[in-house]
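Participant: The structure file model34.tsv (TSV, C-alpha atoms) is provided below.
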chain	number	residue	atom	x	y	z
H	241	MET	CA	-99.08	-6.39	1.69
H	242	LYS	CA	-99.69	-3.87	4.48
H	243	LYS	CA	-97.66	-6.02	6.87
H	244	MET	CA	-94.79	-6.09	4.38
H	245	LYS	CA	-94.88	-2.31	4.08
H	246	LEU	CA	-94.83	-1.93	7.84
H	247	LEU	CA	-91.92	-4.36	8.17
H	248	PHE	CA	-90.02	-2.47	5.49
H	249	LEU	CA	-90.58	0.83	7.30
H	250	VAL	CA	-89.47	-0.59	10.65
H	251	LEU	CA	-86.32	-2.06	9.08
H	252	THR	CA	-85.52	1.23	7.37
H	253	PHE	CA	-85.86	3.13	10.66
H	254	MET	CA	-83.69	0.59	12.45
H	255	VAL	CA	-80.93	0.85	9.86
H	256	CYS	CA	-81.13	4.68	9.98
H	257	PHE	CA	-80.95	4.94	13.75
H	258	THR	CA	-78.13	2.41	14.10
H	259	GLY	CA	-76.17	4.29	11.45
H	260	CYS	CA	-76.80	7.70	13.03
H	261	GLY	CA	-75.58	6.47	16.42
H	262	LYS	CA	-72.34	5.20	14.93
H	263	VAL	CA	-71.82	8.44	13.03
H	264	LYS	CA	-72.40	10.47	16.20
H	265	THR	CA	-69.90	8.38	18.16
H	266	THR	CA	-67.28	8.69	15.42
H	267	VAL	CA	-67.86	12.44	15.20
H	268	LEU	CA	-67.55	12.74	18.98
H	269	SER	CA	-64.35	10.72	19.06
H	270	ASP	CA	-62.82	12.66	16.16
H	271	ASN	CA	-63.81	16.05	17.58
H	272	ILE	CA	-62.50	15.30	21.05
H	273	LYS	CA	-59.11	14.43	19.54
H	274	LYS	CA	-58.87	18.07	18.41
H	275	ILE	CA	-58.44	19.27	22.00
H	276	GLU	CA	-54.80	20.16	22.50
H	277	LEU	CA	-53.26	18.28	25.39
H	278	THR	CA	-49.70	19.54	25.50
H	279	GLY	CA	-47.76	21.77	27.87
H	280	ASN	CA	-48.94	23.18	31.17
H	281	LEU	CA	-52.35	24.63	31.80
H	282	VAL	CA	-52.09	27.47	34.32
H	283	THR	CA	-55.33	27.67	36.26
H	284	TYR	CA	-54.48	29.78	39.28
H	285	GLN	CA	-52.03	32.55	40.06
H	286	ALA	CA	-51.73	33.22	43.76
H	287	TYR	CA	-50.49	36.47	45.23
H	288	PHE	CA	-48.72	36.15	48.56
H	289	HIS	CA	-47.85	38.69	51.20
H	290	ASN	CA	-45.60	36.81	53.56
H	291	VAL	CA	-43.25	37.19	56.49
H	292	ILE	CA	-39.80	35.62	56.45
H	293	GLU	CA	-37.86	34.86	59.60
H	294	TYR	CA	-34.16	34.58	58.83
H	295	ASP	CA	-31.51	33.51	61.33
H	296	LYS	CA	-28.02	34.92	61.27
H	297	GLU	CA	-25.75	32.95	63.51
H	298	ALA	CA	-22.79	34.47	65.31
H	299	GLY	CA	-19.51	33.80	63.55
H	300	SER	CA	-16.79	31.57	64.92
H	301	GLY	CA	-13.20	32.53	65.70
H	302	VAL	CA	-11.56	35.34	67.64
H	303	SER	CA	-12.88	38.14	65.45
H	304	HIS	CA	-16.46	37.03	66.18
H	305	LEU	CA	-16.04	36.86	69.93
H	306	PHE	CA	-19.08	38.19	71.87
H	307	GLU	CA	-21.22	38.24	68.72
H	308	LYS	CA	-24.89	37.39	69.19
H	309	ASP	CA	-27.13	35.19	67.04
H	310	ARG	CA	-29.50	37.53	65.33
H	311	LYS	CA	-32.88	37.33	63.69
H	312	LEU	CA	-34.18	39.25	60.74
H	313	PHE	CA	-37.86	39.57	59.91
H	314	ALA	CA	-39.18	40.94	56.65
H	315	GLU	CA	-42.44	41.21	54.77
H	316	TYR	CA	-42.29	40.28	51.12
H	317	THR	CA	-44.69	39.79	48.25
H	318	GLY	CA	-44.72	37.45	45.32
H	319	THR	CA	-46.80	35.44	42.93
H	320	ILE	CA	-46.84	31.77	42.16
H	321	LYS	CA	-48.64	29.80	39.45
H	322	TYR	CA	-50.61	26.59	39.84
H	323	GLY	CA	-51.86	24.34	37.11
H	324	ILE	CA	-51.75	20.89	35.61
H	325	ASN	CA	-49.58	19.09	33.11
H	326	LEU	CA	-51.91	18.66	30.13
H	327	SER	CA	-49.94	15.73	28.74
H	328	LYS	CA	-51.07	13.75	31.81
H	329	VAL	CA	-54.75	14.37	31.04
H	330	LYS	CA	-56.39	11.32	29.54
H	331	ILE	CA	-59.57	11.58	27.50
H	332	ASP	CA	-61.10	8.35	26.20
H	333	VAL	CA	-64.31	8.15	24.24
H	334	ASP	CA	-66.25	4.95	24.73
H	335	GLY	CA	-69.52	5.13	22.82
H	336	ASN	CA	-71.34	8.06	24.35
H	337	ASP	CA	-69.19	8.03	27.47
H	338	ILE	CA	-66.20	10.31	27.77
H	339	ASN	CA	-63.78	9.25	30.49
H	340	VAL	CA	-61.48	12.02	31.66
H	341	PHE	CA	-58.54	11.70	34.02
H	342	ILE	CA	-57.32	14.95	35.62
H	343	PRO	CA	-53.85	14.85	37.20
H	344	LYS	CA	-53.10	16.54	40.50
H	345	ALA	CA	-52.36	20.25	40.30
H	346	MET	CA	-48.83	21.43	40.94
H	347	VAL	CA	-46.78	24.57	41.28
H	348	ILE	CA	-45.68	25.70	37.82
H	349	GLY	CA	-42.29	27.35	37.56
H	350	ASP	CA	-40.54	29.26	40.30
H	351	PRO	CA	-42.24	31.82	42.50
H	352	ASN	CA	-41.81	35.41	41.50
H	353	VAL	CA	-40.68	37.10	44.71
H	354	ASP	CA	-40.18	40.86	44.68
H	355	ARG	CA	-36.48	41.42	45.35
H	356	ASP	CA	-37.11	45.07	46.24
H	357	ASP	CA	-38.70	43.93	49.49
H	358	PHE	CA	-35.29	42.70	50.68
H	359	VAL	CA	-33.69	45.99	51.60
H	360	SER	CA	-32.51	46.87	55.10
H	361	ASP	CA	-35.20	49.55	55.51
H	362	ASN	CA	-37.86	46.84	55.41
H	363	PHE	CA	-36.22	44.56	57.96
H	364	ILE	CA	-36.98	44.18	61.63
H	365	GLU	CA	-33.84	43.09	63.41
H	366	SER	CA	-33.33	41.52	66.80
H	367	LYS	CA	-31.07	43.18	69.33
H	368	ASP	CA	-27.35	43.24	68.50
H	369	SER	CA	-24.44	42.72	70.88
H	370	VAL	CA	-22.91	45.85	72.36
H	371	LEU	CA	-19.40	44.42	72.49
H	372	ASN	CA	-19.06	42.92	69.00
H	373	ARG	CA	-21.68	43.61	66.39
H	374	ASN	CA	-23.04	40.98	64.07
H	375	LYS	CA	-24.36	43.30	61.39
H	376	ILE	CA	-26.99	42.41	58.81
H	377	THR	CA	-25.25	42.80	55.44
H	378	ALA	CA	-26.18	42.69	51.76
H	379	ASP	CA	-25.21	39.01	51.75
H	380	ASP	CA	-27.81	38.42	54.44
H	381	SER	CA	-30.41	40.23	52.31
H	382	ASN	CA	-29.62	37.94	49.40
H	383	ALA	CA	-29.71	34.86	51.61
H	384	ALA	CA	-33.07	35.98	53.04
H	385	PHE	CA	-34.39	36.46	49.50
H	386	GLU	CA	-33.29	32.97	48.48
H	387	ALA	CA	-34.80	31.54	51.64
H	388	ALA	CA	-38.08	33.35	50.95
H	389	GLN	CA	-38.28	31.92	47.43
H	390	LYS	CA	-37.63	28.42	48.71
H	391	GLU	CA	-40.11	28.81	51.55
H	392	MET	CA	-42.77	30.19	49.22
H	393	LYS	CA	-42.43	27.29	46.79
H	394	GLU	CA	-42.53	24.74	49.61
H	395	SER	CA	-45.57	26.24	51.30
H	396	ALA	CA	-47.35	26.65	47.95
H	397	SER	CA	-46.69	23.00	47.06
H	398	GLN	CA	-48.30	21.97	50.35
H	399	ASP	CA	-51.31	24.29	50.14
H	400	GLU	CA	-53.99	21.67	49.57
H	401	GLU	CA	-56.75	24.30	49.32
H	402	LEU	CA	-55.11	26.07	46.39
H	403	LEU	CA	-53.99	22.82	44.76
H	404	SER	CA	-57.55	21.55	44.90
H	405	LEU	CA	-58.91	24.83	43.49
H	406	ALA	CA	-56.39	24.70	40.64
H	407	GLN	CA	-57.42	21.12	39.81
H	408	LYS	CA	-61.11	22.06	39.94
H	409	ARG	CA	-60.51	24.93	37.52
H	410	ALA	CA	-58.61	22.63	35.18
H	411	LYS	CA	-61.66	20.34	35.20
H	412	VAL	CA	-63.96	23.27	34.32
H	413	ILE	CA	-61.72	24.35	31.42
H	414	ILE	CA	-61.50	20.81	30.04
H	415	GLU	CA	-65.26	20.32	30.46
H	416	GLU	CA	-65.97	23.53	28.53
H	417	ASN	CA	-63.53	22.47	25.82
H	418	ILE	CA	-65.21	19.09	25.46
H	419	LYS	CA	-68.57	20.88	25.23
H	420	GLN	CA	-67.23	23.22	22.58
H	421	PHE	CA	-65.25	20.68	20.55
H	422	SER	CA	-67.74	17.80	20.72
H	423	GLY	CA	-70.08	19.42	18.22
H	424	LEU	CA	-72.97	17.73	20.02
H	425	SER	CA	-75.44	18.76	22.66
H	426	GLU	CA	-74.53	18.02	26.28
H	427	ASN	CA	-77.32	15.44	26.47
H	428	SER	CA	-75.63	13.33	23.78
H	429	TYR	CA	-72.76	12.21	25.98
H	430	THR	CA	-71.77	11.63	29.60
H	431	ILE	CA	-68.48	12.70	31.10
H	432	ASN	CA	-67.01	10.51	33.83
H	433	TRP	CA	-64.32	12.28	35.86
H	434	GLU	CA	-61.39	10.73	37.63
H	435	TYR	CA	-59.07	12.88	39.73
H	436	GLU	CA	-55.57	12.09	40.80
H	437	GLN	CA	-55.37	12.52	44.59
I	1296	MET	CA	-104.39	69.82	-51.79
I	1297	ASP	CA	-106.44	69.71	-48.69
I	1298	GLN	CA	-105.93	65.97	-48.62
I	1299	MET	CA	-102.17	66.44	-48.74
I	1300	GLU	CA	-102.35	68.97	-45.91
I	1301	ASN	CA	-104.55	66.64	-43.90
I	1302	GLN	CA	-102.09	63.78	-44.44
I	1303	GLU	CA	-99.15	65.94	-43.32
I	1304	ASN	CA	-101.10	67.12	-40.27
I	1305	ALA	CA	-101.94	63.53	-39.43
I	1306	LYS	CA	-98.26	62.51	-39.75
I	1307	SER	CA	-97.08	65.38	-37.56
I	1308	SER	CA	-99.73	64.61	-34.97
I	1309	GLU	CA	-98.63	60.94	-35.04
I	1310	GLU	CA	-95.01	62.03	-34.50
I	1311	ILE	CA	-96.13	64.23	-31.65
I	1312	GLU	CA	-97.94	61.25	-30.14
I	1313	LYS	CA	-94.96	58.91	-30.71
I	1314	LYS	CA	-92.42	61.25	-29.07
I	1315	PRO	CA	-93.73	60.83	-25.48
I	1316	LYS	CA	-93.83	57.02	-26.09
I	1317	LYS	CA	-90.10	57.15	-26.94
I	1318	LYS	CA	-89.48	59.26	-23.87
I	1319	LYS	CA	-91.41	56.73	-21.81
I	1320	ALA	CA	-89.32	53.88	-23.29
I	1321	ILE	CA	-86.09	55.71	-22.53
I	1322	SER	CA	-87.15	56.48	-19.01
I	1323	LYS	CA	-88.02	52.81	-18.41
I	1324	LYS	CA	-84.57	51.73	-19.56
I	1325	THR	CA	-82.95	54.44	-17.49
I	1326	THR	CA	-85.01	53.44	-14.51
I	1327	ILE	CA	-83.93	49.83	-14.90
I	1328	ILE	CA	-80.28	50.85	-15.29
I	1329	ILE	CA	-80.42	53.12	-12.26
I	1330	PHE	CA	-82.84	51.13	-10.13
I	1331	PHE	CA	-80.97	47.82	-10.08
I	1332	PRO	CA	-77.58	49.09	-9.00
I	1333	ILE	CA	-79.23	51.29	-6.40
I	1334	SER	CA	-81.34	48.48	-5.04
I	1335	PHE	CA	-78.31	46.17	-5.11
I	1336	ALA	CA	-76.31	48.76	-3.18
I	1337	PHE	CA	-79.22	49.16	-0.81
I	1338	VAL	CA	-79.34	45.42	-0.15
I	1339	ILE	CA	-75.59	45.39	0.52
I	1340	LEU	CA	-75.99	48.36	2.82
I	1341	LEU	CA	-78.74	46.56	4.67
I	1342	CYS	CA	-76.48	43.53	5.00
I	1343	ILE	CA	-73.72	45.70	6.39
I	1344	LEU	CA	-76.11	47.51	8.69
I	1345	PHE	CA	-77.92	44.46	10.02
I	1346	LEU	CA	-76.11	41.21	9.32
I	1347	VAL	CA	-72.62	42.26	10.41
I	1348	PRO	CA	-73.80	43.80	13.69
I	1349	ASN	CA	-75.94	40.69	14.16
I	1350	LYS	CA	-72.83	38.54	13.90
I	1351	GLU	CA	-71.10	40.82	16.38
I	1352	ARG	CA	-74.12	40.63	18.65
I	1353	LYS	CA	-74.25	36.86	18.32
I	1354	ILE	CA	-70.55	36.56	19.27
I	1355	LYS	CA	-71.08	38.92	22.22
I	1356	ILE	CA	-74.05	36.92	23.48
I	1357	THR	CA	-72.19	33.61	23.11
I	1358	VAL	CA	-69.06	34.93	24.85
I	1359	ARG	CA	-71.13	36.43	27.67
I	1360	SER	CA	-73.13	33.26	28.30
I	1361	THR	CA	-69.95	31.13	28.23
I	1362	LEU	CA	-68.30	33.57	30.61
I	1363	GLU	CA	-71.22	33.51	33.06
I	1364	ASN	CA	-71.21	29.73	33.03
I	1365	PHE	CA	-67.45	29.55	33.49
I	1366	VAL	CA	-67.35	32.15	36.28
I	1367	GLU	CA	-70.07	30.34	38.21
I	1368	LYS	CA	-68.37	26.95	37.92
I	1369	SER	CA	-64.87	28.11	38.79
I	1370	ASP	CA	-65.53	30.59	41.66
I	1371	LEU	CA	-63.83	33.41	39.83
I	1372	GLU	CA	-65.78	36.11	41.62
I	1373	THR	CA	-63.85	35.86	44.88
I	1374	VAL	CA	-60.12	35.73	45.36
I	1375	ASN	CA	-58.67	34.71	48.74
I	1376	ILE	CA	-55.23	36.12	49.32
I	1377	SER	CA	-52.80	35.03	51.97
I	1378	TYR	CA	-51.79	38.28	53.68
I	1379	ASN	CA	-49.26	37.83	56.47
I	1380	VAL	CA	-47.84	40.94	58.10
I	1381	ILE	CA	-45.63	42.20	60.90
I	1382	ALA	CA	-47.53	44.40	63.37
I	1383	LYS	CA	-45.77	46.70	65.81
I	1384	LYS	CA	-47.09	47.91	69.16
I	1385	CYS	CA	-45.55	51.21	70.17
I	1386	LYS	CA	-44.21	51.77	73.67
I	1387	ASP	CA	-45.40	55.35	73.57
I	1388	GLU	CA	-47.99	56.22	70.89
I	1389	LYS	CA	-46.87	59.88	70.87
I	1390	LYS	CA	-43.19	59.17	70.28
I	1391	CYS	CA	-43.34	56.20	67.97
I	1392	ASP	CA	-41.54	55.61	64.70
I	1393	LEU	CA	-43.24	52.69	63.00
I	1394	LYS	CA	-40.48	52.66	60.39
I	1395	SER	CA	-37.82	51.80	62.94
I	1396	ASN	CA	-36.27	48.39	62.30
I	1397	ASN	CA	-35.06	47.90	65.82
I	1398	ILE	CA	-37.30	45.42	67.54
I	1399	ASP	CA	-36.53	46.96	70.94
I	1400	ASP	CA	-38.12	50.25	69.97
I	1401	PHE	CA	-41.53	48.61	70.38
I	1402	GLN	CA	-43.52	47.17	73.24
I	1403	TYR	CA	-43.88	44.11	71.08
I	1404	VAL	CA	-43.72	43.03	67.45
I	1405	VAL	CA	-46.01	40.31	66.21
I	1406	SER	CA	-46.08	38.21	63.05
I	1407	CYS	CA	-49.70	37.75	61.95
I	1408	LYS	CA	-51.12	35.23	59.51
I	1409	GLY	CA	-54.12	36.66	57.73
I	1410	LYS	CA	-56.39	36.31	54.76
I	1411	ILE	CA	-58.08	39.00	52.75
I	1412	THR	CA	-60.78	38.63	50.11
I	1413	ALA	CA	-61.00	40.52	46.88
I	1414	GLY	CA	-63.97	40.41	44.58
I	1415	ILE	CA	-64.60	40.96	40.90
I	1416	ASP	CA	-68.07	41.99	39.75
I	1417	PHE	CA	-68.47	40.02	36.53
I	1418	SER	CA	-71.79	41.72	35.72
I	1419	LYS	CA	-69.64	44.74	34.82
I	1420	VAL	CA	-67.65	42.86	32.18
I	1421	LYS	CA	-67.61	44.62	28.80
I	1422	ILE	CA	-67.21	42.66	25.59
I	1423	ASP	CA	-66.02	44.28	22.37
I	1424	VAL	CA	-65.90	42.58	18.98
I	1425	GLU	CA	-63.64	43.98	16.30
I	1426	PRO	CA	-64.67	42.35	12.99
I	1427	SER	CA	-61.88	44.03	11.03
I	1428	SER	CA	-59.08	42.60	13.17
I	1429	LYS	CA	-61.17	39.52	14.10
I	1430	LYS	CA	-60.59	40.15	17.76
I	1431	ILE	CA	-62.83	39.71	20.79
I	1432	ILE	CA	-61.80	41.84	23.73
I	1433	ILE	CA	-63.12	41.04	27.19
I	1434	HIS	CA	-62.71	43.96	29.56
I	1435	LEU	CA	-62.73	42.88	33.20
I	1436	PRO	CA	-63.61	45.41	35.89
I	1437	ASP	CA	-61.10	46.17	38.63
I	1438	ALA	CA	-61.12	44.01	41.73
I	1439	ASN	CA	-61.97	45.43	45.12
I	1440	LEU	CA	-61.46	44.31	48.71
I	1441	THR	CA	-64.66	42.88	50.09
I	1442	ASP	CA	-64.83	41.52	53.64
I	1443	ASN	CA	-62.74	42.31	56.70
I	1444	PRO	CA	-59.58	40.21	56.89
I	1445	THR	CA	-59.50	37.08	58.96
I	1446	VAL	CA	-56.62	36.68	61.37
I	1447	GLY	CA	-55.16	33.23	61.86
I	1448	SER	CA	-52.27	32.32	64.09
I	1449	ILE	CA	-50.04	35.01	65.57
I	1450	LYS	CA	-46.49	34.85	66.89
I	1451	PHE	CA	-44.72	37.37	69.12
I	1452	LEU	CA	-41.29	38.05	67.68
I	1453	ASN	CA	-39.97	39.36	70.99
I	1454	GLY	CA	-42.50	37.18	72.74
I	1455	ALA	CA	-40.86	36.23	76.02
I	1456	GLU	CA	-41.59	39.63	77.50
I	1457	VAL	CA	-45.22	39.91	76.37
I	1458	PRO	CA	-47.93	39.15	78.99
I	1459	SER	CA	-50.51	36.59	77.89
I	1460	ASP	CA	-53.45	38.94	78.50
I	1461	GLU	CA	-52.10	41.10	75.68
I	1462	LEU	CA	-53.17	38.45	73.12
I	1463	PRO	CA	-56.63	39.96	72.28
I	1464	ASN	CA	-55.04	43.37	71.79
I	1465	ALA	CA	-52.36	41.83	69.59
I	1466	ARG	CA	-55.03	40.17	67.44
I	1467	ALA	CA	-56.85	43.49	67.08
I	1468	LEU	CA	-53.52	45.10	66.15
I	1469	CYS	CA	-52.98	42.39	63.53
I	1470	GLN	CA	-56.46	43.02	62.07
I	1471	ASP	CA	-55.87	46.79	61.87
I	1472	THR	CA	-52.40	46.33	60.36
I	1473	ILE	CA	-53.64	43.90	57.70
I	1474	ILE	CA	-56.45	46.32	56.74
I	1475	ALA	CA	-54.07	49.28	56.59
I	1476	LYS	CA	-51.32	47.47	54.67
I	1477	SER	CA	-53.62	45.77	52.18
I	1478	LYS	CA	-55.31	49.08	51.40
I	1479	GLU	CA	-51.93	50.70	50.77
I	1480	ASP	CA	-50.64	47.72	48.77
I	1481	LYS	CA	-50.71	48.78	45.13
I	1482	ASN	CA	-50.17	45.22	43.90
I	1483	VAL	CA	-52.93	43.35	45.65
I	1484	LEU	CA	-55.96	44.41	43.57
I	1485	PRO	CA	-54.17	44.17	40.20
I	1486	ALA	CA	-52.98	40.71	41.30
I	1487	ALA	CA	-56.56	39.66	42.01
I	1488	LYS	CA	-57.60	40.88	38.57
I	1489	ASN	CA	-54.56	39.26	36.91
I	1490	GLN	CA	-55.56	35.96	38.42
I	1491	ALA	CA	-58.91	36.08	36.65
I	1492	THR	CA	-57.33	37.43	33.46
I	1493	LEU	CA	-54.86	34.57	33.32
I	1494	ILE	CA	-57.40	31.78	33.65
I	1495	LEU	CA	-59.85	33.38	31.23
I	1496	THR	CA	-57.05	33.81	28.68
I	1497	GLU	CA	-56.22	30.11	29.03
I	1498	PHE	CA	-59.88	29.17	28.72
I	1499	TYR	CA	-60.77	31.34	25.72
I	1500	GLY	CA	-57.50	30.47	23.98
I	1501	GLN	CA	-58.83	26.92	23.53
I	1502	TRP	CA	-62.51	27.82	23.29
I	1503	ILE	CA	-62.13	30.13	20.30
I	1504	LYS	CA	-60.40	27.39	18.26
I	1505	ALA	CA	-63.62	25.43	18.29
I	1506	TYR	CA	-65.96	28.42	18.02
I	1507	ASP	CA	-64.27	30.33	15.19
I	1508	ALA	CA	-60.54	29.80	14.71
I	1509	SER	CA	-60.23	32.97	12.63
I	1510	TYR	CA	-60.89	35.05	15.78
I	1511	SER	CA	-58.63	35.69	18.74
I	1512	VAL	CA	-59.61	36.58	22.28
I	1513	GLU	CA	-57.91	39.12	24.49
I	1514	VAL	CA	-58.76	39.50	28.16
I	1515	VAL	CA	-57.77	42.84	29.68
Show me the file's structure as structure tokens.
Facilitator:
Amino acid sequence: MKKMKLLFLVLTFMVCFTGCGKVKTTVLSDNIKKIELTGNLVTYQAYFHNVIEYDKEAGSGVSHLFEKDRKLFAEYTGTIKYGINLSKVKIDVDGNDINVFIPKAMVIGDPNVDRDDFVSDNFIESKDSVLNRNKITADDSNAAFEAAQKEMKESASQDEELLSLAQKRAKVIIEENIKQFSGLSENSYTINWEYEQ
Amino acid sequence: MDQMENQENAKSSEEIEKKPKKKKAISKKTTIIIFFPISFAFVILLCILFLVPNKERKIKITVRSTLENFVEKSDLETVNISYNVIAKKCKDEKKCDLKSNNIDDFQYVVSCKGKITAGIDFSKVKIDVEPSSKKIIIHLPDANLTDNPTVGSIKFLNGAEVPSDELPNARALCQDTIIAKSKEDKNVLPAAKNQATLILTEFYGQWIKAYDASYSVEVV
């Protein structure tokens, strides 16, 4: 009789624990689905103080005779955002394992360069010709501004240090969200990270 | 006759004895009527005084511990800023107009690549909870410049005429110019703070949905 009682107790415990595990996994899976994975997640906003080197070539034709190629240097400031595309993040729950794929960080939107920096007072200009001047005009200011924006976006897209930092911060945000949304203690699950290189 | 008088005296003395009993009964009722609403109000007051601030305190503690954890993991305390400048070496220090935009007015002009570091002291973060508007406000302290700038590569813009032994002086000039310009730059420290504000706003925007969706978080 005692053996029967013991067997009954063991079976009851087994049923309970198996059930609890399944419930926990389902809860985890359901809760994780609540994390919003749409749009862009901005994780870094860099401030730049840069120098642009703009070339103004001498014109062609008789009216531009004796003109010199000129250079214009200017300091400018701007900001640029880094982040990840959340729709590319993949979160799969497999039992107590959560597999997360984090895409590579990218530049989000266009850089915000301060146009006020592109005024003649802020320029350093190379020597002009004495015979026929090749003046720096408002058109050159605009062209320098456009060049600065393009240059800033290009250099930002290639800045591996900032791209890596932005990706790392995305990971931290997602990790904290999983922790918050899971409804379980951190010991109840394991997160396996995969990063796009 | 005496008996009658005695009976009347007895009755009046009984009435006299009963009167305080009635008073006592009335006062008990009154006490009950007054006591319960007062004690009820007192309990509510206690709830307001202790439970509501406790909720506020609990939110503050949770937000602070999450913040500390997040700051540590994401290196939010230091901000490295790319700070490239143009430095000008005067021909004559006494007669020098640094605002001149003619490159020939200077002994040399150099383009310097540099980095500055700003820091935010997160131990000075203040957290306010407004239960009425269901808002959590995280006040970040201002950023400040920490170390000396580091100077990377330099390029002489009218370089052909510059002797090579001038390079150390040019680097020192770059360092001084970066320090001077970054200190004068009104945008650099707010930008460092904005950077932290932006990421914390993104983070708490999601976090609060799981913690208590009726609240909103503002980082300022």
Participant: Counting only C-alpha atoms, which residue out of H:Ile338, H:Val329, H:Ile364, H:Leu424 sits closest to chain I?
Facilitator: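 Residue with the minimum atom-to-atom distance to chain I: H:Ile364.
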Participant: Quick one: distance from atom CA of H:Asp350 to atom CA of H:Glu365 in Å, one decimal?
Facilitator: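 Value for the atom CA of H:Asp350-atom CA of H:Glu365 distance: 27.8 Å.
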Participant: What are the residues of chain H that have an atom within 8 Å of an atom of chain I, counting all atoms listed in the file, as a JSON list (two decimals) with C-alpha atoms, keeping the file's coordinate frame?
Facilitator:
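New file result-v8.json:
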[["chain", "number", "residue", "atom", "x", "y", "z"],
["H", 275, "ILE", "CA", -58.44, 19.27, 22.00],
["H", 276, "GLU", "CA", -54.80, 20.16, 22.50],
["H", 281, "LEU", "CA", -52.35, 24.63, 31.80],
["H", 282, "VAL", "CA", -52.09, 27.47, 34.32],
["H", 283, "THR", "CA", -55.33, 27.67, 36.26],
["H", 284, "TYR", "CA", -54.48, 29.78, 39.28],
["H", 285, "GLN", "CA", -52.03, 32.55, 40.06],
["H", 286, "ALA", "CA", -51.73, 33.22, 43.76],
["H", 287, "TYR", "CA", -50.49, 36.47, 45.23],
["H", 288, "PHE", "CA", -48.72, 36.15, 48.56],
["H", 289, "HIS", "CA", -47.85, 38.69, 51.20],
["H", 290, "ASN", "CA", -45.60, 36.81, 53.56],
["H", 291, "VAL", "CA", -43.25, 37.19, 56.49],
["H", 314, "ALA", "CA", -39.18, 40.94, 56.65],
["H", 315, "GLU", "CA", -42.44, 41.21, 54.77],
["H", 361, "ASP", "CA", -35.20, 49.55, 55.51],
["H", 362, "ASN", "CA", -37.86, 46.84, 55.41],
["H", 363, "PHE", "CA", -36.22, 44.56, 57.96],
["H", 364, "ILE", "CA", -36.98, 44.18, 61.63],
["H", 365, "GLU", "CA", -33.84, 43.09, 63.41],
["H", 366, "SER", "CA", -33.33, 41.52, 66.80],
["H", 367, "LYS", "CA", -31.07, 43.18, 69.33],
["H", 408, "LYS", "CA", -61.11, 22.06, 39.94],
["H", 409, "ARG", "CA", -60.51, 24.93, 37.52],
["H", 412, "VAL", "CA", -63.96, 23.27, 34.32],
["H", 413, "ILE", "CA", -61.72, 24.35, 31.42],
["H", 416, "GLU", "CA", -65.97, 23.53, 28.53],
["H", 417, "ASN", "CA", -63.53, 22.47, 25.82],
["H", 420, "GLN", "CA", -67.23, 23.22, 22.58],
["H", 421, "PHE", "CA", -65.25, 20.68, 20.55]]
Participant: Calculated over all atoms listed in the file, which of the candidates I:Ile1356, I:Cys1391, I:Val1424, I:Ala1382 has the smallest distance to I:Ile1449?
Facilitator: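 Counting all atoms listed in the file, the residue closest to I:Ile1449 is I:Ala1382.
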Participant: So which residues touch stretch 379-386 of chain H within 12 Å, counting only C-alpha atoms, skipping near sequence neighbours fewer than 3 positions away, as a ChimeraX atom specification?
Facilitator: /H:290-297,310-318,350-363,365,374-376,389-393
Participant: Can you write out the residues you just picked, keeping C-alpha atoms, as a compact mmCIF listing (two decimals), keeping the file's coordinate frame?
Facilitator:
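Output contents, as saved in part.txt:
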# COMPACT_ATOMS: atom_id res chain seq x y z
CA ASN H 290 -45.60 36.81 53.56
CA VAL H 291 -43.25 37.19 56.49
CA ILE H 292 -39.80 35.62 56.45
CA GLU H 293 -37.86 34.86 59.60
CA TYR H 294 -34.16 34.58 58.83
CA ASP H 295 -31.51 33.51 61.33
CA LYS H 296 -28.02 34.92 61.27
CA GLU H 297 -25.75 32.95 63.51
CA ARG H 310 -29.50 37.53 65.33
CA LYS H 311 -32.88 37.33 63.69
CA LEU H 312 -34.18 39.25 60.74
CA PHE H 313 -37.86 39.57 59.91
CA ALA H 314 -39.18 40.94 56.65
CA GLU H 315 -42.44 41.21 54.77
CA TYR H 316 -42.29 40.28 51.12
CA THR H 317 -44.69 39.79 48.25
CA GLY H 318 -44.72 37.45 45.32
CA ASP H 350 -40.54 29.26 40.30
CA PRO H 351 -42.24 31.82 42.50
CA ASN H 352 -41.81 35.41 41.50
CA VAL H 353 -40.68 37.10 44.71
CA ASP H 354 -40.18 40.86 44.68
CA ARG H 355 -36.48 41.42 45.35
CA ASP H 356 -37.11 45.07 46.24
CA ASP H 357 -38.70 43.93 49.49
CA PHE H 358 -35.29 42.70 50.68
CA VAL H 359 -33.69 45.99 51.60
CA SER H 360 -32.51 46.87 55.10
CA ASP H 361 -35.20 49.55 55.51
CA ASN H 362 -37.86 46.84 55.41
CA PHE H 363 -36.22 44.56 57.96
CA GLU H 365 -33.84 43.09 63.41
CA ASN H 374 -23.04 40.98 64.07
CA LYS H 375 -24.36 43.30 61.39
CA ILE H 376 -26.99 42.41 58.81
CA GLN H 389 -38.28 31.92 47.43
CA LYS H 390 -37.63 28.42 48.71
CA GLU H 391 -40.11 28.81 51.55
CA MET H 392 -42.77 30.19 49.22
CA LYS H 393 -42.43 27.29 46.79
Participant: Hey, which of I:Val1338, I:Val1457, I:Ala1475, I:Val1358 ends up closest to I:Phe1401? Count all atoms listed in the file.
Facilitator: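 Closest to I:Phe1401, using all atoms listed in the file: I:Val1457.
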